[in-house]
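Worksheet: one structure, shown below.
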Amino acid sequence: RPIRHETTSQTCLICGDSADSLHFGALSCRACAAFFRRKVAGRRNIFRRCDRQCKVDTGMRKLCASCRYDKCLKVGMRESAVLSRLAKKNQNYKKSIVGSPDAYEPSTSTSDSVLENLQSAYHKLEETRKRVFNISETHVSQCCNYKRMNDVFFEDIKLVMEHLLETFKKSDISQEQEKLLCVHFMVPFILFEGGYKSTNSDLFYLPSGDFIDENRIEEYYSNPDDQNDNSAKSAAEVFRPYWKLNKQTLKTHLDDVQLDLPEFLFITALIYFDDGLLDQNEECIEVCKQMKAKIIEELTDYEKNVRINEDHSYRVGQIIMVLHGIQRTMNMIHETKEISLVYNVYDMHSSIFGNMAE
């Protein structure tokens, strides 16, 4: 008689969805496994805004990243399992580019790798942010209004210029042209990084760990110092469509693409080395074109070695398309700036509008 193989239904220990296998030490669905891998691999701060009692199931698993991550650890997922797998992939990446197993070891010398230099610079930026904004492991994120957002961004822009933009400087580009690149970089980077850190969330996280709740925009536009302030509701009505449009053009795209940290940094570099700016001279254009070619070459090598059994060329295309989402968002922000002047609410976004290229 033929042997019958009975299939047993397995349930994800995190969200209760159908599980397909053991992932990083625990039985889970692919979605929760991918969530855990992204959080560990991206080394993102998971800001807590709850009392650790959130329900995590198939319908609610995206609402609270901190409780979902806690549950991953509770049921047996191991960060070390993710990191060991990444270490093997990174080792392949290092060997393919430089031919030496020690190529990515920490060094005091200047590296020729765009990714290496950016990883180092971004790590320093994040560490400085923790110190400046008093972010600790026990930090509880707070919903903020426009005053807090402006304070944070005005301070953070100085940190980005000090730690990140120094990495991009090239001797072949004049100071005037460097300033041009910086002006066109800052706001797209602010919006892109905020979207990246807010993946799979209705919140928009600031570098301080505070957040804007996009479902409660009136709170963002409120002024607690003015008890009779009626402008919050009016401003929310005017700008709510633009918040929704930003979510559709950039945040939803980032939710779909699910960038890891190196991919985020490659896009950051591509934003900076823009070769199509007004008032850009020939020398600057040429350097930017050379750097873009180098960045895309490194990105392609990275994807080849990290996505061994996947279509790396398709992934590179996905990442390049993120730039189009950023550009569409910038077009929307320019329109928002014009409207803010008409309604006399420019100050509610002054940290953004004041640093935009004309």
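Chains: A, B, ... in order of the structure tokens. Residues: from 1 per chain. Ligands: from 1, in order shown.
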
Go through stretch 98-185 of chain A and flag each residue having an atom no more than 12 Å from stretch 193-201 of chain A; for those, report the closest pair of atoms plus their distance in Å to one decimal, using only C-alpha atoms, ordered by chain and rising number, as JSON lines.
```
{"residue": "A:Tyr122", "atom": "CA", "partner": "A:Glu193", "partner_atom": "CA", "distance": 11.5}
{"residue": "A:Glu126", "atom": "CA", "partner": "A:Glu193", "partner_atom": "CA", "distance": 12.0}
{"residue": "A:Met149", "atom": "CA", "partner": "A:Gly194", "partner_atom": "CA", "distance": 11.8}
{"residue": "A:Phe153", "atom": "CA", "partner": "A:Gly194", "partner_atom": "CA", "distance": 11.1}
{"residue": "A:Val160", "atom": "CA", "partner": "A:Glu193", "partner_atom": "CA", "distance": 11.5}
{"residue": "A:Phe185", "atom": "CA", "partner": "A:Glu193", "partner_atom": "CA", "distance": 11.8}
```

Those residues with C-alpha atoms, as a short mmCIF file (atom, residue, chain, number, x, y, z; two decimals), in the first residue's frame please?
```cif
data_model
loop_
_atom_site.label_atom_id
_atom_site.label_comp_id
_atom_site.auth_asym_id
_atom_site.auth_seq_id
_atom_site.Cartn_x
_atom_site.Cartn_y
_atom_site.Cartn_z
CA TYR A 122 27.00 56.87 9.41
CA GLU A 126 24.24 57.69 14.83
CA MET A 149 10.57 68.72 14.72
CA PHE A 153 16.23 69.00 12.31
CA VAL A 160 24.93 65.40 9.13
CA PHE A 185 21.30 66.84 -0.79
#
```

Env of A:Gln142: 9 Å cut, atoms = only C-alpha atoms, seq-sep filter 4 positions within chain, self excluded. Answer as a ChimeraX atom specification. /A:49,209-212

Selection from above, C-alpha atoms, as a short mmCIF file (atom, residue, chain, number, x, y, z; two decimals), in the first residue's frame, can you write it?
```cif
data_model
loop_
_atom_site.label_atom_id
_atom_site.label_comp_id
_atom_site.auth_asym_id
_atom_site.auth_seq_id
_atom_site.Cartn_x
_atom_site.Cartn_y
_atom_site.Cartn_z
CA ARG A 49 6.12 53.89 22.34
CA GLY A 209 13.77 59.05 18.28
CA ASP A 210 10.64 61.21 18.51
CA PHE A 211 7.96 60.66 15.91
CA ILE A 212 5.13 62.29 13.99
#
```

Apply DSSP to the backbone of this structure and, from stretch 30-279 of chain A, keep only the residues in strand (DSSP E or B); write these as a count of residues only. 9

Which one of A:Glu218, A:Asp57, A:Asp112, A:Glu338 sits closest to A:Phe353 if you count only C-alpha atoms?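 The shortest atom-to-atom distance to A:Phe353 comes from A:Glu338.
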
Using only C-alpha atoms, which protein or nucleic acid residues come within 7 Å of stretch 265-274 of chain A? Drop anything in the same chain fewer than 5 positions from it, and give the result as number ranges by chain. A: 115, 118, 181, 185, 189, 288, 291-292, 295, 299
